[in-house]
Protein chains: 6
Amino acid sequence: MMPLDPEDFAVEDALRSFLAEDLGHGDITTNALIDPARKAVGHVICNEPATIAGLEEARILVRLVGCQADSQVADGERVKSGSRLLRITGPAGSLLKIERTLLNLLSHMSGVATATANLVEIARRNSRGRVRIACTRKTLPGLRYFEKKAVELGGGDTHRMRLDDAVLIKDNHLALGRSLARSVQTARSKVSFTKKIEVEVTVPTQAVEAAVAGADIILLDNMKPEMIRKGVALLKEKGLRDHVILEASGRIRKENLSSYVKTGVDVISVGAITHSARSIDISMEITPAAARGK
Amino acid sequence: MMPLDPEDFAVEDALRSFLAEDLGHGDITTNALIDPARKAVGHVICNEPATIAGLEEARILVRLVGCQADSQVADGERVKSGSRLLRITGPAGSLLKIERTLLNLLSHMSGVATATANLVEIARRNSRGRVRIACTRKTLPGLRYFEKKAVELGGGDTHRMRLDDAVLIKDNHLALGRSLARSVQTARSKVSFTKKIEVEVTVPTQAVEAAVAGADIILLDNMKPEMIRKGVALLKEKGLRDHVILEASGRIRKENLSSYVKTGVDVISVGAITHSARSIDISMEITPAAARGK
Amino acid sequence: MMPLDPEDFAVEDALRSFLAEDLGHGDITTNALIDPARKAVGHVICNEPATIAGLEEARILVRLVGCQADSQVADGERVKSGSRLLRITGPAGSLLKIERTLLNLLSHMSGVATATANLVEIARRNSRGRVRIACTRKTLPGLRYFEKKAVELGGGDTHRMRLDDAVLIKDNHLALGRSLARSVQTARSKVSFTKKIEVEVTVPTQAVEAAVAGADIILLDNMKPEMIRKGVALLKEKGLRDHVILEASGRIRKENLSSYVKTGVDVISVGAITHSARSIDISMEITPAAARGK
Amino acid sequence: MMPLDPEDFAVEDALRSFLAEDLGHGDITTNALIDPARKAVGHVICNEPATIAGLEEARILVRLVGCQADSQVADGERVKSGSRLLRITGPAGSLLKIERTLLNLLSHMSGVATATANLVEIARRNSRGRVRIACTRKTLPGLRYFEKKAVELGGGDTHRMRLDDAVLIKDNHLALGRSLARSVQTARSKVSFTKKIEVEVTVPTQAVEAAVAGADIILLDNMKPEMIRKGVALLKEKGLRDHVILEASGRIRKENLSSYVKTGVDVISVGAITHSARSIDISMEITPAAARGK
Amino acid sequence: MMPLDPEDFAVEDALRSFLAEDLGHGDITTNALIDPARKAVGHVICNEPATIAGLEEARILVRLVGCQADSQVADGERVKSGSRLLRITGPAGSLLKIERTLLNLLSHMSGVATATANLVEIARRNSRGRVRIACTRKTLPGLRYFEKKAVELGGGDTHRMRLDDAVLIKDNHLALGRSLARSVQTARSKVSFTKKIEVEVTVPTQAVEAAVAGADIILLDNMKPEMIRKGVALLKEKGLRDHVILEASGRIRKENLSSYVKTGVDVISVGAITHSARSIDISMEITPAAARGK
Amino acid sequence: MMPLDPEDFAVEDALRSFLAEDLGHGDITTNALIDPARKAVGHVICNEPATIAGLEEARILVRLVGCQADSQVADGERVKSGSRLLRITGPAGSLLKIERTLLNLLSHMSGVATATANLVEIARRNSRGRVRIACTRKTLPGLRYFEKKAVELGGGDTHRMRLDDAVLIKDNHLALGRSLARSVQTARSKVSFTKKIEVEVTVPTQAVEAAVAGADIILLDNMKPEMIRKGVALLKEKGLRDHVILEASGRIRKENLSSYVKTGVDVISVGAITHSARSIDISMEITPAAARGK
């Protein structure tokens with residue numbers, strides 16, 4: 001038995017549920033028409049330029065059903081239109097039955113990775129690699145793990161996975177609770193020392209307030225680039241810039257990204273790379289296996 | 001206890017898993033900062049024109065956590081930017097904890113419904129309501145039910161839910177198996193009489209072959225509008241047009257939809273309305289409940 | 001690793017839950033008395049004439065626990081009393097622990113297949129193979145997949161798997177809703193074009209009404225053979241017979257089946273082949289493996 | 001909230017999975033045709049004489065979907081043909097959606113209870129209530145809890161629920177392991193003092209051997225009535241009869257039951273009451289709720 | 001494929017959930033720092049004298065992730081401080097990812113086995129092996145199977161696994177219901193003949209009452225050794241001692257155990273061996289695999 | 001319906017599985033003896049001084065089965081022996097069926113909270129509240145959430161919940177990978193900016209190396225108090241003390257805790273408060289409800 005990364009169990013479980021969602025009681029077309037002993041080869045082709053994510057998941061799926069997969073392409077790689085991503089061999093029926101599940105996940109993850117990579121490239125060019133692109137918790141329900149992984153493969157930062165892995169004090173928390181400074185202090189005392197504390201602010205002076213209060217990260221939300229610059233300058237002036245990580249967010253997209261990159265923040269987070277990623281056009285061509293093959 | 005649609009159990013289970021995905025062991029920020037006795041009101045606002053889907057799911061989620069939701073908007077309704085979709089009341093902490101899950105699903109379903117409604121509108125205008133827009137099995141893993149439902153709410157047709165609810169004989173089946181006519185005949189004899197049989201064809205003469213073989217539906221795949229017209233004409237010529245439903249598919253999008261609508265087919269299916277729907281911008285504003293309220 | 005049909009995952013999951021139901025925390029008798037290193041051979045014998053179903057499930061169960069199974073008999077085959085269905089080798093303890101689960105499923109599925117085959121044989125003889133025997137949704141809770149599969153192996157038709165894979169408008173729907181014609185029309189417009197529409201009728205004129213309204217299938221429910229004949233004749237008279245599939249149902253059993261077969265319908269559905277199938281007497285004889293064997 | 005028996009959680013979970021098996025993505029017929037606001041009344045009628053089981057499960061199902069159920073009949077009661085078992089009120093759509101699941105379980109459980117009650121009645125008459133009728137582990141996969149409960153309601157004994165709740169040393173254990181006496185002794189020392197030890201024997205002298213070895217229960221398997229009598233006599237002769245419970249099993253059915261009852265054993269176990277129970281004919285009539293009703 | 005004990009499925013499922021509890025979305029440290037191709041060897045060492053339990057579970061876990069485990073030590077064995085329990089080989093990352101889960105279960109189960117073995121040793125010495133040490137249902141939630149198994153490996157008796165595998169009539173049942181004699185009689189008639197009936201008593205005369213009523217086991221609860229002696233004497237006097245198993249329980253611990261052992265009871269049950277077992281200090285040392293190794 | 005904290009779903013699911021583990025197919029004793037209509041009151045009493053945790057879970061369990069619970073004591077409160085923790089009312093049978101599950105969890109969580117509170121008290125006294133007591137990932141499988149919560153209620157720090165919520169570079173990672181400085185740098189670049197990075201060191205100079213490399217937290221593992229002091233002094237000397245959180249761990253227990261508290265570290269982590277917590281003696285007394293009550 002091949003070693004199995006302990007983390008793959010969760011992926012296997014997800015893939016099995018995705019398969020079940022598509023199969024129902026079974027693929028009645030294939031079962032009626034295809035000889036179970038028939039072997040075939042499937043070529044997974046990327047029909048447009050893309051940054052690929054989901055190949056590992058595809059391989060796990062192929063392995064789950066006892067077929068074989070080879071690939072010259074690695075997750076995170078940029079490919080040209082027409083690139084062959086995977087070559088799968090096994091019973092023709094099995095290939096037909098996993099085809100859509102495999103492609104649906106691979107196309108979506110590659111869509112997320114490509115959207116991420118496009119922004120990462122702009123951020124790199126405009127900051128000499130200093131500024132990170134991050135995603136948010138605006139992920140499609142049930143797909144957070146896969147989308148966050150695709151973001152990483154596209155060169156991005158996963159940000160929080162869940163509401164329990166870092167503190168993020170938002171406007172709603174402040175509206176319903178205490179002052180910013182008191183909130184940071186309360187969070188610091190109640191939450192484990194292993195967690196970072198981030199505070200969302202909307203004006204430069206709040207950024208200073210957050211930094212003084214001891215926030216680890218400051219999220220400059222829905223602020224125009226010039227206002228962000230002011231915030232950065234103010235923090236530097238007060239000698240606080242080096243104590244905090246600065247993240248910008250809110251209505252940032254490809255078109256205006258570079259102006260945000262140049263403001264001096266460390267991280268720019270964009271919800272659209274997960275919640276609105278366009279699927280990459282990937283297809284599978286299935287051909288009968290050569291007669292002598294098994 | 002309010003009656004519960006038996007179908008809602010599956011939705012509840014999905015919503016609980018979506019919530020768990022976001023919460024992990026708990027919302028450490030809210031738990032540290034918000035008084036559990038604090039009541040609040042959340043207004044869910046749609047920040048752009050859209051066809052809404054997911055309100056029923058949102059209400060189920062709100063009910064699950066024992067909060068109340070009112071709404072003047074119905075699923076499937078077209079709203080203007082700034083419309084209030086839901087008013088939710090309950091503990092402030094609960095609102096904060098369900099916010100992202102609720103919005104992620106609602107934004108995505110509304111994205112699918114809006115993309116569908118846009119195409120449906122074009123189809124209606126160009127066919128006096130005769131031509132249906134359908135989605136495909138190119139849905140995001142785990143979200144098929146929700147996306148198919150959003151398509152319906154957008155005025156579209158769900159097409160097959162799974163591989164077991166209708167036969168669809170594709171090029172791959174033909175390449176690996178029998179001739180088209182034999183395949184239809186085999187499927188007819190092996191598959192329950194309750195299932196329809198659809199055949200994918202790529203040239204007009206194959207459409208005739210499929211109709212003669214007794215297919216219920218013919219999928220004209222990746223054919224240019226003019227070729228589809230030829231197929232329709234040929235079927236009419238042979239007196240077969242009325243015996244089959246004709247579906248067109250492949251590289252059809254908003255821009256070229258009307259030319260396909262006018263070919264004389266009955267259904268046009270488009271994968272992008274599910275796999276690449278742009279999320280609708282929907283947000284929740286949480287404010288403290290009035291002091292005297294409970 | 002042997003290729004695994006993607007559909008087998010659901011079967012594996014079911015088998016694991018069936019095993020767990022029988023094992024609880026473990027087989028305390030076997031654990032106390034049988035040396036874990038002891039190998040054995042189990043012969044599964046059919047003690048009466050039967051049409052066998054469930055061998056594939058038995059093999060999946062045997063494979064799940066890492067034992068080996070050989071068989072000269074195929075699912076769907078008619079066997080004589082005393083036939084050896086399977087030869088299983090593996091640890092004696094494993095054989096003892098899966099014995100009852102394996103036999104319970106195999107005996108029940110074979111019971112369903114045998115009951116079906118008996119009716120199918122009568123239908124064949126009396127209609128030159130034209131009339132199908134179908135089961136219904138009257139299946140034992142949790143066993144629908146297995147019973148429908150056994151029906152297929154017995155030569156029968158699975159009919160609807162679930163409430164979502166075809167429309168069936170019953171008396172209750174008509175009592176609570178619209179007229180028959182309006183109901184068919186409404187279903188046609190609201191339900192996907194990929195679904196067939198069946199209507200339950202109880203008198204010949206309703207059959208005509210349903211055919212005119214565009215039903216794909218007409219279920220002649222609880223009608224005596226002579227009345228069914230009248231319905232068929234009426235449909236022919238109106239030139240509608242070829243546009244619909246006719247199904248008869250209600251109090252039909254082995255004894256009166258042939259008179260229904262001869263009425264001219266296409267399908268006869270019988271709930272008893274699933275809900276009241278008598279279990280086939282199948283047992284396992286376990287003997288120590290030969291000393292030199294492993 | 002009404003108190004919920006802690007044991008009902010498992011029943012609820014099973015009922016939800018049974019419902020899901022029937023519903024799939026939803027009841028497309030009802031959703032297309034029935035107004036969600038429409039209320040209805042469903043009468044569940046038993047169409048033949050029967051001992052009823054499954055009413056509690058039916059009520060749990062009805063409660064799960066927020067409808068109301070009343071009943072004049074109790075589980076375990078013997079009813080005449082035409083008896084009204086339940087009156088259910090709620091949305092018409094909900095009644096239609098749970099109908100088949102409710103009836104499938106109720107009909108099957110009542111079938112098991114009726115088959116049991118018939119044998120119990122014979123045993124009572126022939127032993128002045130001394131001899132118990134028990135079921136076995138020959139239950140339909142996934143339905144053990146429900147079938148064992150139906151046996152109890154029919155007046156029978158559940159016997160072992162699982163392989164872990166009592167020791168039963170069978171011929172296979174003896175063939176693969178030690179002598180009968182050594183096996184009883186080993187089981188006694190290895191298994192918890194809270195478990196009974198039963199031994200399967202096939203000849204009278206073995207029964208003595210088992211009793212001497214300290215078995216709590218002796219299963220006289222596949223022995224003719226006269227041989228069983230001999231075994232009982234032999235045990236009495238040796239003064240061992242009062243130390244053991246005697247169970248007879250193997251090819252016992254309604255027709256020959258009384259001759260077994262009179263042998264002097266304490267328990268007679270019959271697999272057929274669970275694995276081959278004929279479903280009781282129970283149906284639901286759904287009518288619109290009176291206009292003024294809610 | 002290696003044969004798999006059918007009982008291991010439940011263990012595998014539990015281990016997968018334990019792993020998932022520790023991994024979350026993945027081991028971000030190991031994933032960032034360790035080359036996936038890196039092989040390693042892990043030595044599991046017991047750092048104090050102990051009776052070991054959990055090695056089988058550890059091997060199942062190791063096998064689950066496709067690594068190899070060897071061991072010179074067997075479950076239930078007493079080891080000295082510094083003993084090597086397991087040698088595990090496989091990818092370094094996999095070893096790091098399963099380390100804590102493996103050790104947490106092994107340390108706890110060994111803690112339970114060691115606590116049990118210590119009491120068993122005292123009981124053996126003071127009763128020439130006649131008196132059993134049993135655990136109770138005071139187990140940690142979710143760990144009953146593992147703790148009961150560890151008790152067995154430590155030489156103890158598992159007592160009841162669940163509320164359904166034997167009757168135990170406690171003071172609360174008597175307070176809320178009938179008299180002791182009536183309760184035994186009622187249980188005898190309502191509960192399967194395969195179950196034993198135990199009665200909890202607190203004074204010697206009640207023990208006689210229970211024995212007369214036909215209890216199989218009498219639990220002498222919270223009685224001082226001298227009172228227990230009186231009870232035993234009274235039972236002997238009445239000729240009832242040989243018909244019942246006597247169990248003592250309540251505030252019995254290592255220090256006072258021998259005085260209870262000598263009272264003449266058969267079983268002594270102690271909740272602390274499961275609910276308060278001190279974890280055994282077991283650790284894993286991971287070293288790079290030799291260069292030539294694979 | 002009472003509002004339900006969204007985080008309670010996971011607790012409910014766990015409690016249902018804990019209940020199922022104890023109930024099996026049902027409480028045969030209670031079902032045989034207690035009238036289902038019988039109401040009762042249960043008083044949960046703490047029989048020793050303790051810091052209580054698990055009351056919220058107990059209340060969720062009580063609510064799940066539709067009973068009522070009142071309490072004068074709050075989670076995290078220190079109580080004297082004999083304190084009444086909860087008063088529960090409902091059907092006698094329900095109280096008997098949940099009793100053990102409720103007590104097992106409450107006793108264990110209170111055991112963890114009490115062990116924690118004892119150390120927290122020592123740390124407070126010796127550091128004027130500056131030094132935190134933390135638990136580790138050495139929790140009992142399946143109980144991490146409950147044990148971490150109990151630690152918090154005892155005044156402790158939860159530390160990492162899972163391997164994905166902070167980086168902790170241990171000796172094993174260094175042995176298998178890169179140098180300490182390179183490892184910190186690699187983790188910083190590969191892992192999200194929202195995560196803290198902790199490094200385990202065993203000598204003072206390594207602590208400096210870790211701080212220079214940019215670690216957020218330094219774990220001084222298995223170092224004697226004097227060596228830890230040296231490490232703290234060295235960090236101060238280099239001006240690095242204020243940039244890092246210092247955690248001490250390894251063989252620290254009640255007896256030697258104060259000497260570690262005084263070394264100048266910020267956090268002391270102790271595995272034993274979760275993996276070896278002694279269960280608190282808590283019991284339930286059930287009495288019939290007053291006659292007039294319902």
# chains A, B, ... in the order shown; residues from 1 in each chain; ligands from 1
$ residues_around --residues "Gly264 of chain A" --least-positions-apart "5" --cutoff "10 Å" --atoms "only C-alpha atoms" --output "list in words"
Ser127, Arg130, Val131, Pro225, Ile228, Arg229, Gly231, Val232, Ala233, Leu246, Glu247, Ala248 and Ser259 of chain A
$ residues_around --residues "segment 1-15 of chain C" --least-positions-apart "4" --cutoff "8 Å" --atoms "only C-alpha atoms" --output "list in words"
Arg16, Leu19, Ala20, Leu23, His25, Gly26, Leu64, Val65, Gly66, Cys67, Gly90, Pro91, Gly93, Ser94, Lys97 and Ile98 of chain A; Leu19, Glu57, Ile60, Leu61 and Leu64 of chain C
$ write_last_selection --atoms "C-alpha atoms" --output "compact mmCIF listing (two decimals), in the first residue's frame"
# COMPACT_ATOMS: atom_id res chain seq x y z
CA ARG A 16 -16.61 10.38 -2.17
CA LEU A 19 -18.98 11.44 -6.53
CA ALA A 20 -22.13 10.28 -4.77
CA LEU A 23 -23.80 9.24 -9.41
CA HIS A 25 -27.76 5.10 -7.64
CA GLY A 26 -25.45 4.78 -10.62
CA LEU A 64 -9.74 5.84 -4.92
CA VAL A 65 -11.32 3.99 -7.82
CA GLY A 66 -8.22 1.91 -8.43
CA CYS A 67 -7.17 3.58 -11.69
CA GLY A 90 -8.47 2.09 -16.07
CA PRO A 91 -11.86 0.59 -16.86
CA GLY A 93 -16.76 2.72 -17.13
CA SER A 94 -14.83 4.09 -14.17
CA LYS A 97 -18.21 7.80 -13.97
CA ILE A 98 -15.58 10.01 -12.36
CA LEU C 19 -21.82 -5.29 9.67
CA GLU C 57 -22.49 -7.33 -2.75
CA ILE C 60 -17.55 -6.55 -1.99
CA LEU C 61 -18.09 -7.52 1.65
CA LEU C 64 -13.67 -5.33 2.41
$ interface_residues --of "chain D" --to "chain C" --cutoff "6 Å" --atoms "only C-alpha atoms" --output "PDB file with N, CA and C atoms, in the first residue's frame"
ATOM      1  N   PHE D  18     -34.339   7.233   5.818  1.00  0.00           N
ATOM      2  CA  PHE D  18     -35.363   6.560   4.999  1.00  0.00           C
ATOM      3  C   PHE D  18     -36.079   7.585   4.114  1.00  0.00           C
ATOM      4  N   ASP D  22     -36.113   8.143  -0.245  1.00  0.00           N
ATOM      5  CA  ASP D  22     -37.293   8.223  -1.101  1.00  0.00           C
ATOM      6  C   ASP D  22     -37.395   9.579  -1.805  1.00  0.00           C
ATOM      7  N   LEU D  23     -36.952  10.628  -1.141  1.00  0.00           N
ATOM      8  CA  LEU D  23     -37.137  11.975  -1.681  1.00  0.00           C
ATOM      9  C   LEU D  23     -36.100  12.370  -2.727  1.00  0.00           C
ATOM     10  N   GLY D  24     -34.871  11.901  -2.565  1.00  0.00           N
ATOM     11  CA  GLY D  24     -33.814  12.434  -3.411  1.00  0.00           C
ATOM     12  C   GLY D  24     -33.766  13.936  -3.247  1.00  0.00           C
ATOM     13  N   GLY D  26     -36.049  15.888  -4.022  1.00  0.00           N
ATOM     14  CA  GLY D  26     -37.375  16.426  -3.722  1.00  0.00           C
ATOM     15  C   GLY D  26     -38.467  15.781  -4.547  1.00  0.00           C
ATOM     16  N   ASP D  27     -39.669  15.913  -4.070  1.00  0.00           N
ATOM     17  CA  ASP D  27     -40.842  15.327  -4.724  1.00  0.00           C
ATOM     18  C   ASP D  27     -41.291  16.275  -5.838  1.00  0.00           C
ATOM     19  N   ILE D  28     -40.801  16.022  -7.031  1.00  0.00           N
ATOM     20  CA  ILE D  28     -41.049  16.986  -8.114  1.00  0.00           C
ATOM     21  C   ILE D  28     -42.519  17.067  -8.495  1.00  0.00           C
ATOM     22  N   THR D  29     -43.244  15.990  -8.295  1.00  0.00           N
ATOM     23  CA  THR D  29     -44.667  16.026  -8.639  1.00  0.00           C
ATOM     24  C   THR D  29     -45.430  16.942  -7.689  1.00  0.00           C
ATOM     25  N   ALA D  32     -44.597  20.572  -7.983  1.00  0.00           N
ATOM     26  CA  ALA D  32     -45.149  21.234  -9.163  1.00  0.00           C
ATOM     27  C   ALA D  32     -46.647  21.488  -9.024  1.00  0.00           C
ATOM     28  N   ILE D  34     -48.908  20.999  -5.935  1.00  0.00           N
ATOM     29  CA  ILE D  34     -49.638  21.279  -4.696  1.00  0.00           C
ATOM     30  C   ILE D  34     -49.203  22.603  -4.067  1.00  0.00           C
ATOM     31  N   PRO D 141     -30.972  -6.406   6.607  1.00  0.00           N
ATOM     32  CA  PRO D 141     -29.883  -5.468   6.919  1.00  0.00           C
ATOM     33  C   PRO D 141     -30.384  -4.042   7.136  1.00  0.00           C
ATOM     34  N   GLY D 142     -29.982  -3.457   8.238  1.00  0.00           N
ATOM     35  CA  GLY D 142     -30.353  -2.084   8.551  1.00  0.00           C
ATOM     36  C   GLY D 142     -31.647  -1.980   9.338  1.00  0.00           C
ATOM     37  N   ARG D 162     -27.134  -8.389  19.000  1.00  0.00           N
ATOM     38  CA  ARG D 162     -25.846  -8.289  18.315  1.00  0.00           C
ATOM     39  C   ARG D 162     -24.945  -9.425  18.769  1.00  0.00           C
ATOM     40  N   LEU D 163     -23.835  -9.546  18.109  1.00  0.00           N
ATOM     41  CA  LEU D 163     -22.870 -10.581  18.479  1.00  0.00           C
ATOM     42  C   LEU D 163     -22.173 -10.298  19.795  1.00  0.00           C
ATOM     43  N   ASP D 164     -22.435  -9.161  20.402  1.00  0.00           N
ATOM     44  CA  ASP D 164     -21.717  -8.859  21.639  1.00  0.00           C
ATOM     45  C   ASP D 164     -22.575  -8.940  22.888  1.00  0.00           C
ATOM     46  N   VAL D 167     -23.082 -14.919  24.560  1.00  0.00           N
ATOM     47  CA  VAL D 167     -22.252 -15.887  23.852  1.00  0.00           C
ATOM     48  C   VAL D 167     -23.170 -16.945  23.251  1.00  0.00           C
ATOM     49  N   GLY D 177     -12.593 -24.965  16.714  1.00  0.00           N
ATOM     50  CA  GLY D 177     -11.881 -24.702  17.960  1.00  0.00           C
ATOM     51  C   GLY D 177     -11.783 -25.917  18.858  1.00  0.00           C
ATOM     52  N   ALA D 187     -15.071 -19.618  27.321  1.00  0.00           N
ATOM     53  CA  ALA D 187     -15.956 -18.462  27.204  1.00  0.00           C
ATOM     54  C   ALA D 187     -16.236 -17.896  28.598  1.00  0.00           C
ATOM     55  N   HIS D 275     -37.169 -12.448   8.602  1.00  0.00           N
ATOM     56  CA  HIS D 275     -36.588 -12.366   7.246  1.00  0.00           C
ATOM     57  C   HIS D 275     -37.601 -12.572   6.131  1.00  0.00           C
ATOM     58  N   SER D 276     -38.768 -13.112   6.441  1.00  0.00           N
ATOM     59  CA  SER D 276     -39.731 -13.375   5.370  1.00  0.00           C
ATOM     60  C   SER D 276     -41.136 -12.919   5.712  1.00  0.00           C
ATOM     61  N   ARG D 278     -44.506 -11.147   5.539  1.00  0.00           N
ATOM     62  CA  ARG D 278     -45.283 -10.509   4.489  1.00  0.00           C
ATOM     63  C   ARG D 278     -45.744  -9.143   4.988  1.00  0.00           C
ATOM     64  N   SER D 279     -45.599  -8.162   4.158  1.00  0.00           N
ATOM     65  CA  SER D 279     -46.014  -6.799   4.479  1.00  0.00           C
ATOM     66  C   SER D 279     -47.536  -6.737   4.675  1.00  0.00           C
TER      67      SER D 279
END
$ closest_residue --among "E:Ala53, E:Val120, E:Met227, E:Ile45" --to "Leu86 of chain E" --atoms "only C-alpha atoms"
E:Ile45
$ select_by_dssp --residues "segment 59-228 of chain E" --states "strand (DSSP E or B)" --output "PyMOL selection string"
chain E and resi 68-70+78-79+83-91+132-134+157+167-169+195+197-201+217-221
$ residues_around --residues "segment 210-221 of chain A" --least-positions-apart "2" --cutoff "8 Å" --atoms "only C-alpha atoms" --output "list in words"
Leu180, Ala181, Val184, Gln185, Lys196, Ile197, Glu198, Val199, Glu200, Val201, Thr202, Val203, Gln206, Ala207, Val208, Met223, Ile228, Leu235, Leu240, His243, Val244, Ile245, Leu246, Glu247, Ala248, Ser249 and Gly250 of chain A; Thr194 of chain F
$ select_by_dssp --residues "segment 137-187 of chain B" --states "alpha helix (DSSP H)" --output "ChimeraX atom specification"
/B:144-153,171-176,180-187
$ residues_around --residues "Glu255 of chain B" --least-positions-apart "4" --cutoff "12 Å" --atoms "only C-alpha atoms" --output "VMD selection string"
chain B and resid 118 to 119 122 to 123 251 259 to 261
$ write_last_selection --atoms "N, CA, C and O atoms" --output "PDB file, in the first residue's frame"
ATOM      1  N   ASN B 118     -30.702  36.246 -16.798  1.00  0.00           N
ATOM      2  CA  ASN B 118     -30.245  37.070 -17.920  1.00  0.00           C
ATOM      3  C   ASN B 118     -30.386  36.311 -19.234  1.00  0.00           C
ATOM      4  O   ASN B 118     -30.847  36.860 -20.242  1.00  0.00           O
ATOM      5  N   LEU B 119     -30.020  35.047 -19.221  1.00  0.00           N
ATOM      6  CA  LEU B 119     -30.141  34.258 -20.451  1.00  0.00           C
ATOM      7  C   LEU B 119     -31.606  33.944 -20.763  1.00  0.00           C
ATOM      8  O   LEU B 119     -32.033  33.965 -21.924  1.00  0.00           O
ATOM      9  N   ILE B 122     -33.236  36.763 -22.579  1.00  0.00           N
ATOM     10  CA  ILE B 122     -32.868  36.798 -24.002  1.00  0.00           C
ATOM     11  C   ILE B 122     -33.625  35.722 -24.787  1.00  0.00           C
ATOM     12  O   ILE B 122     -34.137  35.963 -25.883  1.00  0.00           O
ATOM     13  N   ALA B 123     -33.691  34.517 -24.170  1.00  0.00           N
ATOM     14  CA  ALA B 123     -34.391  33.414 -24.842  1.00  0.00           C
ATOM     15  C   ALA B 123     -35.869  33.733 -25.021  1.00  0.00           C
ATOM     16  O   ALA B 123     -36.461  33.484 -26.075  1.00  0.00           O
ATOM     17  N   ARG B 251     -20.254  26.245 -26.020  1.00  0.00           N
ATOM     18  CA  ARG B 251     -19.739  27.601 -26.291  1.00  0.00           C
ATOM     19  C   ARG B 251     -20.853  28.626 -26.539  1.00  0.00           C
ATOM     20  O   ARG B 251     -20.672  29.555 -27.319  1.00  0.00           O
ATOM     21  N   SER B 259     -28.706  34.020 -31.405  1.00  0.00           N
ATOM     22  CA  SER B 259     -28.600  33.309 -32.689  1.00  0.00           C
ATOM     23  C   SER B 259     -28.895  31.821 -32.510  1.00  0.00           C
ATOM     24  O   SER B 259     -29.389  31.169 -33.432  1.00  0.00           O
ATOM     25  N   TYR B 260     -28.631  31.285 -31.355  1.00  0.00           N
ATOM     26  CA  TYR B 260     -28.971  29.881 -31.088  1.00  0.00           C
ATOM     27  C   TYR B 260     -30.475  29.727 -30.812  1.00  0.00           C
ATOM     28  O   TYR B 260     -31.090  28.755 -31.210  1.00  0.00           O
ATOM     29  N   VAL B 261     -31.010  30.710 -30.103  1.00  0.00           N
ATOM     30  CA  VAL B 261     -32.428  30.660 -29.784  1.00  0.00           C
ATOM     31  C   VAL B 261     -33.265  30.584 -31.057  1.00  0.00           C
ATOM     32  O   VAL B 261     -34.283  29.898 -31.114  1.00  0.00           O
TER      33      VAL B 261
END
$ atom_distance --atom1 "atom CA of Val41 of chain D" --atom2 "atom CA of Ile88 of chain D"
5.6 Å
